[in-house]
Amino acid sequence: MTRENAHAQDTWARDRVAVITGGASGIGLAITEQLVALGARVAVWDIRTDRLEALQARFGDRVMVRQVDVSSDAEVRAAAASVAEAWGGIDHLVNNAGVIGRLMRLDDLDADELDRVLAVNLKSVFYATAAFVRHPRSAEGRSVVMLSSIAARTGGMVGNMVYAASKGAIATLTKSFAKELAPQARVNALAPGIIDTEIQQASLGDPAAAAALASAIPLERLGTPGEVAEAAVWLLSPASAYVNSTLLDVAGGR
Ligand SMILES: NC(=O)c1ccc[n+]([C@@H]2O[C@H](COP(=O)([O-])OP(=O)(O)OC[C@H]3O[C@@H](n4cnc5c(N)ncnc54)[C@H](O)[C@@H]3O)[C@@H](O)[C@H]2O)c1
């Protein structure tokens with residue numbers, strides 16, 4: 001990398017505006033931290049008010065936090081309008097909010113839970129990406145990153161089918177959105193493996209189960225939120241300017 005390129009890498013995010021859904025914890029928080037460190041202004045939409053308040057206290061006017069249930073189109077529309085009013089529009093979007101949902105098998109199918117998980121994980125992606133389209137800011141370099149999962153190709157653990165299906169649909173939508181938004185914006189997705197965050201701790205239950213899973217990963221450990229965030233920031237940045245419609249595994253070789 002030339003000295004000029006290295007400098008461009010350091011400065012690309014200054015004066016850029018990003019929206020991170022579910023950015024108050026885990027992977028979304030790590031992406032928020034890295035973007036703020038690079039000089040971006042970050043709007044964080046999450047349902048956890050305690051964590052949103054902590055973020056605001058930590059980063060001041062570099063962040064704009066708002067309690068938003070991303071499964072509500074009306075709430076997403078209102079939040080996007082407030083970002084556009086305050087900061088002139090949206091340059092980058094990370095569709096990150098997600099839930100595992102209650103584990104269930106087909107003989108135990110709960111239609112309400114099915115609707116809830118699909119609304120949070122999947123419908124939200126339509127709502128937030130439509131908001132991104134409605135509120136352009138910069139003429140160039142706009143980009144979207146979606147959080148799929150390796151569950152999109154494995155089908156997930158038994159009982160995790162709704163989550164896995166939502167992540168498969170996100171991988172598909174990455175292709176659909178990338179076609180529709182080109183050449184004005186790029187759309188890519190990450191497929192994390194097992195990352196040490198609350199969503200995973202809730203799913204695994206105990207540390208022994210996590211250790212057993214780690215032994216099945218070629219790199220022999222769970223990933224960290226920061227490692228996923230590094231990949232997300234690269235996909236958002238001009239360093240990946242010719243990468244579009246891609247699903248990138250961040251899964252330790254699994
Ligand atoms: N952790 C993993 O192993 C892993 C693996 C693959 C994919 N992913 C995906 O990465 C993304 C982030 O996961 P994480 O591990 O950081 O989870 P996390 O539980 O730590 O964070 C998810 C965030 O989303 C927020 N959220 C949940 N429902 C919401 C709603 N209706 N509206 C707004 N915000 C909402 C939560 O409050 C939380 O802050 C998810 O989409 C997840 O499916 C995670």
# chains A, B, ... in the order shown; residues from 1 in each chain; ligands from 1
$ residues_near_ligand --ligand "ligand 1" --cutoff "7 Å" --atoms "only C-alpha atoms and all ligand atoms" --output "ChimeraX atom specification"
/A:21-28,45-48,68-71,96-100,120-121,147-150,191-200,225
$ select_by_dssp --residues "segment 31-163 of chain A" --states "strand (DSSP E or B)" --output "ChimeraX atom specification"
/A:41-46,63-67,90,92-95,136,142-147
$ closest_residue --among "A:Val94, A:Ala81, A:Val76, A:Ala171" --to "Ala231 of chain A" --atoms "only C-alpha atoms"
A:Val94
$ closest_residue --among "A:Ala128, A:Ala165, A:Ala119, A:Ala182" --to "Ile20 of chain A" --atoms "only C-alpha atoms"
A:Ala128
$ residues_around --residues "segment 236-238 of chain A" --least-positions-apart "5" --cutoff "10 Å" --atoms "only C-alpha atoms" --output "list in words"
Ala8, Gln9, Trp12, Ala13, Ala18, Leu35, Asp91, His92, Leu93, Val94, Glu140, Gly141, Arg142, Ser143, Val144, Val145, Arg186, Val187, Asn188, Glu230, Ala231 and Val243 of chain A
$ write_last_selection --atoms "N, CA, C and O atoms" --output "PDB file, in the first residue's frame"
ATOM      1  N   ALA A   8      -5.453   7.656   2.770  1.00  0.00           N
ATOM      2  CA  ALA A   8      -6.856   7.647   2.358  1.00  0.00           C
ATOM      3  C   ALA A   8      -7.649   6.660   3.209  1.00  0.00           C
ATOM      4  O   ALA A   8      -8.801   6.916   3.577  1.00  0.00           O
ATOM      5  N   GLN A   9      -7.029   5.540   3.551  1.00  0.00           N
ATOM      6  CA  GLN A   9      -7.697   4.565   4.388  1.00  0.00           C
ATOM      7  C   GLN A   9      -8.021   5.136   5.768  1.00  0.00           C
ATOM      8  O   GLN A   9      -9.036   4.814   6.361  1.00  0.00           O
ATOM      9  N   TRP A  12     -11.111   8.144   5.137  1.00  0.00           N
ATOM     10  CA  TRP A  12     -12.311   8.030   4.301  1.00  0.00           C
ATOM     11  C   TRP A  12     -13.599   8.302   5.077  1.00  0.00           C
ATOM     12  O   TRP A  12     -14.578   8.813   4.523  1.00  0.00           O
ATOM     13  N   ALA A  13     -13.606   7.935   6.373  1.00  0.00           N
ATOM     14  CA  ALA A  13     -14.870   7.999   7.124  1.00  0.00           C
ATOM     15  C   ALA A  13     -15.184   9.380   7.678  1.00  0.00           C
ATOM     16  O   ALA A  13     -16.300   9.617   8.133  1.00  0.00           O
ATOM     17  N   ALA A  18     -23.223   7.205   9.043  1.00  0.00           N
ATOM     18  CA  ALA A  18     -23.604   5.789   9.003  1.00  0.00           C
ATOM     19  C   ALA A  18     -24.766   5.536   9.947  1.00  0.00           C
ATOM     20  O   ALA A  18     -24.861   6.156  11.012  1.00  0.00           O
ATOM     21  N   LEU A  35     -16.162   2.875  13.562  1.00  0.00           N
ATOM     22  CA  LEU A  35     -16.508   3.994  12.669  1.00  0.00           C
ATOM     23  C   LEU A  35     -16.316   5.339  13.366  1.00  0.00           C
ATOM     24  O   LEU A  35     -15.829   6.293  12.762  1.00  0.00           O
ATOM     25  N   ASP A  91     -25.011   7.940   4.366  1.00  0.00           N
ATOM     26  CA  ASP A  91     -23.992   7.443   3.422  1.00  0.00           C
ATOM     27  C   ASP A  91     -23.827   5.921   3.508  1.00  0.00           C
ATOM     28  O   ASP A  91     -23.523   5.274   2.510  1.00  0.00           O
ATOM     29  N   HIS A  92     -23.938   5.398   4.731  1.00  0.00           N
ATOM     30  CA  HIS A  92     -23.655   3.973   4.952  1.00  0.00           C
ATOM     31  C   HIS A  92     -24.698   3.388   5.907  1.00  0.00           C
ATOM     32  O   HIS A  92     -25.110   4.058   6.854  1.00  0.00           O
ATOM     33  N   LEU A  93     -25.062   2.155   5.611  1.00  0.00           N
ATOM     34  CA  LEU A  93     -26.040   1.456   6.455  1.00  0.00           C
ATOM     35  C   LEU A  93     -25.496   0.084   6.806  1.00  0.00           C
ATOM     36  O   LEU A  93     -24.983  -0.633   5.930  1.00  0.00           O
ATOM     37  N   VAL A  94     -25.629  -0.290   8.085  1.00  0.00           N
ATOM     38  CA  VAL A  94     -25.309  -1.666   8.482  1.00  0.00           C
ATOM     39  C   VAL A  94     -26.585  -2.290   9.036  1.00  0.00           C
ATOM     40  O   VAL A  94     -27.083  -1.883  10.092  1.00  0.00           O
ATOM     41  N   GLU A 140     -21.198   9.898  -3.944  1.00  0.00           N
ATOM     42  CA  GLU A 140     -20.347   8.741  -4.240  1.00  0.00           C
ATOM     43  C   GLU A 140     -20.007   7.968  -2.978  1.00  0.00           C
ATOM     44  O   GLU A 140     -20.046   8.496  -1.874  1.00  0.00           O
ATOM     45  N   GLY A 141     -19.658   6.697  -3.195  1.00  0.00           N
ATOM     46  CA  GLY A 141     -19.098   5.888  -2.115  1.00  0.00           C
ATOM     47  C   GLY A 141     -20.109   5.391  -1.104  1.00  0.00           C
ATOM     48  O   GLY A 141     -19.734   4.977  -0.009  1.00  0.00           O
ATOM     49  N   ARG A 142     -21.396   5.400  -1.452  1.00  0.00           N
ATOM     50  CA  ARG A 142     -22.380   4.903  -0.490  1.00  0.00           C
ATOM     51  C   ARG A 142     -22.326   3.376  -0.458  1.00  0.00           C
ATOM     52  O   ARG A 142     -22.062   2.726  -1.469  1.00  0.00           O
ATOM     53  N   SER A 143     -22.607   2.803   0.710  1.00  0.00           N
ATOM     54  CA  SER A 143     -22.510   1.344   0.808  1.00  0.00           C
ATOM     55  C   SER A 143     -23.365   0.816   1.956  1.00  0.00           C
ATOM     56  O   SER A 143     -23.635   1.513   2.933  1.00  0.00           O
ATOM     57  N   VAL A 144     -23.754  -0.446   1.785  1.00  0.00           N
ATOM     58  CA  VAL A 144     -24.582  -1.142   2.773  1.00  0.00           C
ATOM     59  C   VAL A 144     -23.890  -2.455   3.119  1.00  0.00           C
ATOM     60  O   VAL A 144     -23.372  -3.140   2.232  1.00  0.00           O
ATOM     61  N   VAL A 145     -23.889  -2.799   4.399  1.00  0.00           N
ATOM     62  CA  VAL A 145     -23.421  -4.119   4.832  1.00  0.00           C
ATOM     63  C   VAL A 145     -24.555  -4.809   5.581  1.00  0.00           C
ATOM     64  O   VAL A 145     -25.212  -4.199   6.440  1.00  0.00           O
ATOM     65  N   ARG A 186     -23.013   0.281  -3.136  1.00  0.00           N
ATOM     66  CA  ARG A 186     -22.650  -1.142  -3.110  1.00  0.00           C
ATOM     67  C   ARG A 186     -23.351  -1.814  -1.935  1.00  0.00           C
ATOM     68  O   ARG A 186     -23.608  -1.190  -0.903  1.00  0.00           O
ATOM     69  N   VAL A 187     -23.660  -3.093  -2.113  1.00  0.00           N
ATOM     70  CA  VAL A 187     -24.308  -3.863  -1.042  1.00  0.00           C
ATOM     71  C   VAL A 187     -23.571  -5.191  -0.890  1.00  0.00           C
ATOM     72  O   VAL A 187     -23.447  -5.949  -1.865  1.00  0.00           O
ATOM     73  N   ASN A 188     -23.068  -5.453   0.307  1.00  0.00           N
ATOM     74  CA  ASN A 188     -22.368  -6.705   0.588  1.00  0.00           C
ATOM     75  C   ASN A 188     -22.842  -7.262   1.922  1.00  0.00           C
ATOM     76  O   ASN A 188     -23.470  -6.554   2.709  1.00  0.00           O
ATOM     77  N   GLU A 230     -14.102  -5.316  11.803  1.00  0.00           N
ATOM     78  CA  GLU A 230     -13.017  -4.985  10.857  1.00  0.00           C
ATOM     79  C   GLU A 230     -13.464  -5.276   9.432  1.00  0.00           C
ATOM     80  O   GLU A 230     -13.229  -4.490   8.510  1.00  0.00           O
ATOM     81  N   ALA A 231     -14.101  -6.436   9.244  1.00  0.00           N
ATOM     82  CA  ALA A 231     -14.561  -6.824   7.903  1.00  0.00           C
ATOM     83  C   ALA A 231     -15.698  -5.907   7.443  1.00  0.00           C
ATOM     84  O   ALA A 231     -15.761  -5.515   6.272  1.00  0.00           O
ATOM     85  N   VAL A 243     -15.832  -4.350  -4.784  1.00  0.00           N
ATOM     86  CA  VAL A 243     -16.459  -5.529  -4.174  1.00  0.00           C
ATOM     87  C   VAL A 243     -17.942  -5.228  -4.022  1.00  0.00           C
ATOM     88  O   VAL A 243     -18.326  -4.280  -3.338  1.00  0.00           O
TER      89      VAL A 243
END
$ residues_around --residues "Gly89 of chain A" --least-positions-apart "4" --cutoff "10 Å" --atoms "only C-alpha atoms" --output "PDB file with all heavy atoms, in the first residue's frame"
ATOM      1  N   ARG A  16     -18.499  11.268   7.058  1.00  0.00           N
ATOM      2  CA  ARG A  16     -19.490  10.330   6.529  1.00  0.00           C
ATOM      3  C   ARG A  16     -20.530  10.063   7.624  1.00  0.00           C
ATOM      4  O   ARG A  16     -20.237  10.159   8.816  1.00  0.00           O
ATOM      5  CB  ARG A  16     -18.842   8.999   6.127  1.00  0.00           C
ATOM      6  CG  ARG A  16     -17.712   9.139   5.138  1.00  0.00           C
ATOM      7  CD  ARG A  16     -18.138   9.604   3.772  1.00  0.00           C
ATOM      8  NE  ARG A  16     -18.847   8.595   3.009  1.00  0.00           N
ATOM      9  CZ  ARG A  16     -19.171   8.720   1.712  1.00  0.00           C
ATOM     10  NH1 ARG A  16     -18.853   9.824   1.049  1.00  0.00           N
ATOM     11  NH2 ARG A  16     -19.809   7.766   1.070  1.00  0.00           N
ATOM     12  N   VAL A  17     -21.742   9.703   7.187  1.00  0.00           N
ATOM     13  CA  VAL A  17     -22.834   9.404   8.123  1.00  0.00           C
ATOM     14  C   VAL A  17     -23.260   7.954   7.946  1.00  0.00           C
ATOM     15  O   VAL A  17     -23.598   7.526   6.837  1.00  0.00           O
ATOM     16  CB  VAL A  17     -24.044  10.340   7.873  1.00  0.00           C
ATOM     17  CG1 VAL A  17     -25.257   9.868   8.664  1.00  0.00           C
ATOM     18  CG2 VAL A  17     -23.683  11.776   8.239  1.00  0.00           C
ATOM     19  N   ALA A  18     -23.223   7.205   9.043  1.00  0.00           N
ATOM     20  CA  ALA A  18     -23.604   5.789   9.003  1.00  0.00           C
ATOM     21  C   ALA A  18     -24.766   5.536   9.947  1.00  0.00           C
ATOM     22  O   ALA A  18     -24.861   6.156  11.012  1.00  0.00           O
ATOM     23  CB  ALA A  18     -22.415   4.917   9.403  1.00  0.00           C
ATOM     24  N   VAL A  19     -25.639   4.618   9.545  1.00  0.00           N
ATOM     25  CA  VAL A  19     -26.692   4.110  10.434  1.00  0.00           C
ATOM     26  C   VAL A  19     -26.365   2.658  10.742  1.00  0.00           C
ATOM     27  O   VAL A  19     -26.098   1.869   9.832  1.00  0.00           O
ATOM     28  CB  VAL A  19     -28.087   4.205   9.761  1.00  0.00           C
ATOM     29  CG1 VAL A  19     -29.117   3.416  10.578  1.00  0.00           C
ATOM     30  CG2 VAL A  19     -28.526   5.650   9.612  1.00  0.00           C
ATOM     31  N   ALA A  80     -35.089   7.556  10.247  1.00  0.00           N
ATOM     32  CA  ALA A  80     -34.306   7.965   9.075  1.00  0.00           C
ATOM     33  C   ALA A  80     -34.536   9.440   8.759  1.00  0.00           C
ATOM     34  O   ALA A  80     -33.597  10.168   8.414  1.00  0.00           O
ATOM     35  CB  ALA A  80     -34.676   7.097   7.874  1.00  0.00           C
ATOM     36  N   ALA A  81     -35.778   9.882   8.905  1.00  0.00           N
ATOM     37  CA  ALA A  81     -36.070  11.298   8.636  1.00  0.00           C
ATOM     38  C   ALA A  81     -35.317  12.190   9.613  1.00  0.00           C
ATOM     39  O   ALA A  81     -34.818  13.266   9.241  1.00  0.00           O
ATOM     40  CB  ALA A  81     -37.575  11.541   8.723  1.00  0.00           C
ATOM     41  N   SER A  82     -35.186  11.748  10.865  1.00  0.00           N
ATOM     42  CA  SER A  82     -34.477  12.580  11.844  1.00  0.00           C
ATOM     43  C   SER A  82     -32.980  12.619  11.555  1.00  0.00           C
ATOM     44  O   SER A  82     -32.335  13.648  11.741  1.00  0.00           O
ATOM     45  CB  SER A  82     -34.764  12.122  13.276  1.00  0.00           C
ATOM     46  OG  SER A  82     -34.101  10.914  13.539  1.00  0.00           O
ATOM     47  N   VAL A  83     -32.411  11.523  11.050  1.00  0.00           N
ATOM     48  CA  VAL A  83     -30.988  11.536  10.667  1.00  0.00           C
ATOM     49  C   VAL A  83     -30.797  12.477   9.480  1.00  0.00           C
ATOM     50  O   VAL A  83     -29.857  13.283   9.436  1.00  0.00           O
ATOM     51  CB  VAL A  83     -30.493  10.109  10.306  1.00  0.00           C
ATOM     52  CG1 VAL A  83     -29.071  10.151   9.756  1.00  0.00           C
ATOM     53  CG2 VAL A  83     -30.566   9.198  11.528  1.00  0.00           C
ATOM     54  N   ALA A  84     -31.715  12.397   8.515  1.00  0.00           N
ATOM     55  CA  ALA A  84     -31.600  13.249   7.327  1.00  0.00           C
ATOM     56  C   ALA A  84     -31.705  14.724   7.711  1.00  0.00           C
ATOM     57  O   ALA A  84     -30.981  15.573   7.182  1.00  0.00           O
ATOM     58  CB  ALA A  84     -32.684  12.868   6.319  1.00  0.00           C
ATOM     59  N   GLU A  85     -32.596  15.011   8.641  1.00  0.00           N
ATOM     60  CA  GLU A  85     -32.775  16.404   9.044  1.00  0.00           C
ATOM     61  C   GLU A  85     -31.533  16.939   9.766  1.00  0.00           C
ATOM     62  O   GLU A  85     -31.069  18.048   9.518  1.00  0.00           O
ATOM     63  CB  GLU A  85     -33.999  16.517   9.959  1.00  0.00           C
ATOM     64  CG  GLU A  85     -34.434  17.948  10.173  1.00  0.00           C
ATOM     65  CD  GLU A  85     -35.616  18.036  11.128  1.00  0.00           C
ATOM     66  OE1 GLU A  85     -36.469  17.129  11.095  1.00  0.00           O
ATOM     67  OE2 GLU A  85     -35.655  19.003  11.913  1.00  0.00           O
ATOM     68  N   ALA A 131     -35.142   3.085   3.581  1.00  0.00           N
ATOM     69  CA  ALA A 131     -34.852   4.397   4.187  1.00  0.00           C
ATOM     70  C   ALA A 131     -33.512   4.931   3.684  1.00  0.00           C
ATOM     71  O   ALA A 131     -33.367   6.132   3.402  1.00  0.00           O
ATOM     72  CB  ALA A 131     -34.844   4.277   5.708  1.00  0.00           C
ATOM     73  N   PHE A 132     -32.518   4.034   3.561  1.00  0.00           N
ATOM     74  CA  PHE A 132     -31.197   4.408   3.017  1.00  0.00           C
ATOM     75  C   PHE A 132     -31.360   4.966   1.601  1.00  0.00           C
ATOM     76  O   PHE A 132     -30.738   5.975   1.231  1.00  0.00           O
ATOM     77  CB  PHE A 132     -30.312   3.163   3.032  1.00  0.00           C
ATOM     78  CG  PHE A 132     -29.015   3.279   2.284  1.00  0.00           C
ATOM     79  CD1 PHE A 132     -27.892   3.828   2.891  1.00  0.00           C
ATOM     80  CD2 PHE A 132     -28.901   2.799   0.984  1.00  0.00           C
ATOM     81  CE1 PHE A 132     -26.689   3.918   2.204  1.00  0.00           C
ATOM     82  CE2 PHE A 132     -27.702   2.888   0.290  1.00  0.00           C
ATOM     83  CZ  PHE A 132     -26.595   3.449   0.902  1.00  0.00           C
ATOM     84  N   VAL A 133     -32.218   4.332   0.800  1.00  0.00           N
ATOM     85  CA  VAL A 133     -32.440   4.775  -0.587  1.00  0.00           C
ATOM     86  C   VAL A 133     -33.147   6.134  -0.604  1.00  0.00           C
ATOM     87  O   VAL A 133     -32.827   7.012  -1.404  1.00  0.00           O
ATOM     88  CB  VAL A 133     -33.257   3.713  -1.359  1.00  0.00           C
ATOM     89  CG1 VAL A 133     -33.750   4.251  -2.697  1.00  0.00           C
ATOM     90  CG2 VAL A 133     -32.421   2.452  -1.555  1.00  0.00           C
ATOM     91  N   ARG A 134     -34.101   6.313   0.307  1.00  0.00           N
ATOM     92  CA  ARG A 134     -34.881   7.566   0.317  1.00  0.00           C
ATOM     93  C   ARG A 134     -34.083   8.777   0.790  1.00  0.00           C
ATOM     94  O   ARG A 134     -34.482   9.904   0.538  1.00  0.00           O
ATOM     95  CB  ARG A 134     -36.106   7.402   1.232  1.00  0.00           C
ATOM     96  CG  ARG A 134     -37.255   6.637   0.615  1.00  0.00           C
ATOM     97  CD  ARG A 134     -38.520   6.784   1.449  1.00  0.00           C
ATOM     98  NE  ARG A 134     -38.389   6.121   2.732  1.00  0.00           N
ATOM     99  CZ  ARG A 134     -38.761   4.867   2.982  1.00  0.00           C
ATOM    100  NH1 ARG A 134     -39.310   4.146   2.020  1.00  0.00           N
ATOM    101  NH2 ARG A 134     -38.606   4.342   4.166  1.00  0.00           N
ATOM    102  N   HIS A 135     -32.974   8.509   1.525  1.00  0.00           N
ATOM    103  CA  HIS A 135     -32.224   9.630   2.119  1.00  0.00           C
ATOM    104  C   HIS A 135     -30.758   9.587   1.724  1.00  0.00           C
ATOM    105  O   HIS A 135     -29.877   9.394   2.577  1.00  0.00           O
ATOM    106  CB  HIS A 135     -32.354   9.603   3.652  1.00  0.00           C
ATOM    107  CG  HIS A 135     -33.753   9.795   4.135  1.00  0.00           C
ATOM    108  ND1 HIS A 135     -34.423  11.012   4.066  1.00  0.00           N
ATOM    109  CD2 HIS A 135     -34.643   8.923   4.679  1.00  0.00           C
ATOM    110  CE1 HIS A 135     -35.639  10.876   4.558  1.00  0.00           C
ATOM    111  NE2 HIS A 135     -35.810   9.625   4.934  1.00  0.00           N
ATOM    112  N   PRO A 136     -30.463   9.795   0.432  1.00  0.00           N
ATOM    113  CA  PRO A 136     -29.051   9.797   0.034  1.00  0.00           C
ATOM    114  C   PRO A 136     -28.343  11.033   0.590  1.00  0.00           C
ATOM    115  O   PRO A 136     -28.976  12.078   0.789  1.00  0.00           O
ATOM    116  CB  PRO A 136     -29.127   9.853  -1.498  1.00  0.00           C
ATOM    117  CG  PRO A 136     -30.437  10.484  -1.797  1.00  0.00           C
ATOM    118  CD  PRO A 136     -31.372  10.098  -0.689  1.00  0.00           C
ATOM    119  N   ARG A 137     -27.067  10.901   0.847  1.00  0.00           N
ATOM    120  CA  ARG A 137     -26.299  12.060   1.332  1.00  0.00           C
ATOM    121  C   ARG A 137     -25.189  12.361   0.320  1.00  0.00           C
ATOM    122  O   ARG A 137     -25.395  13.177  -0.561  1.00  0.00           O
ATOM    123  CB  ARG A 137     -25.747  11.775   2.721  1.00  0.00           C
ATOM    124  CG  ARG A 137     -25.093  12.982   3.360  1.00  0.00           C
ATOM    125  CD  ARG A 137     -24.777  12.741   4.825  1.00  0.00           C
ATOM    126  NE  ARG A 137     -24.053  13.853   5.393  1.00  0.00           N
ATOM    127  CZ  ARG A 137     -22.736  13.965   5.351  1.00  0.00           C
ATOM    128  NH1 ARG A 137     -21.987  13.032   4.796  1.00  0.00           N
ATOM    129  NH2 ARG A 137     -22.133  15.023   5.885  1.00  0.00           N
ATOM    130  N   SER A 138     -24.068  11.636   0.384  1.00  0.00           N
ATOM    131  CA  SER A 138     -22.990  11.870  -0.590  1.00  0.00           C
ATOM    132  C   SER A 138     -23.371  11.286  -1.943  1.00  0.00           C
ATOM    133  O   SER A 138     -24.118  10.309  -2.021  1.00  0.00           O
ATOM    134  CB  SER A 138     -21.701  11.212  -0.104  1.00  0.00           C
ATOM    135  OG  SER A 138     -21.358  11.716   1.162  1.00  0.00           O
TER     136      SER A 138
END
$ select_by_dssp --residues "segment 11-169 of chain A" --states "alpha helix (DSSP H)" --output "VMD selection string"
chain A and resid 11 26 to 37 49 to 59 73 to 87 111 to 118 124 to 134 151 to 154 161 to 169
$ atom_distance --atom1 "atom CA of Ser124 of chain A" --atom2 "atom CA of Ser72 of chain A"
7.2 Å
$ residues_around --residues "Thr174 of chain A" --least-positions-apart "2" --cutoff "7 Å" --atoms "only C-alpha atoms" --output "list in words"
Ile170, Ala171, Thr172, Ser176, Phe177, Ala178, Val187, Asn188, Ala189 and Ser245 of chain A
$ closest_residue --among "A:Ala139, A:Met104, A:Ala210, A:Val44" --to "Val158 of chain A" --atoms "only C-alpha atoms"
A:Met104
$ atom_distance --atom1 "atom CA of Val228 of chain A" --atom2 "atom CA of Ile31 of chain A"
8.1 Å
$ residues_around --residues "Val36 of chain A" --least-positions-apart "6" --cutoff "8 Å" --atoms "only C-alpha atoms" --output "PyMOL selection string"
chain A and resi 42+59+62-63
$ closest_residue --among "A:Asn95, A:Thr49, A:Asp15, A:Leu103" --to "Gly156 of chain A" --atoms "only C-alpha atoms"
A:Leu103
$ closest_residue --among "A:Ala78, A:Ala241, A:Ala229, A:Leu247" --to "Pro183 of chain A" --atoms "only C-alpha atoms"
A:Ala241
$ atom_distance --atom1 "atom CA of Asn160 of chain A" --atom2 "atom CA of Arg105 of chain A"
7.9 Å
$ residues_around --residues "Leu106 of chain A" --least-positions-apart "5" --cutoff "12 Å" --atoms "only C-alpha atoms" --output "list in words"
Ala111, Leu114, Val158, Gly159, Asn160, Met161 and Val162 of chain A
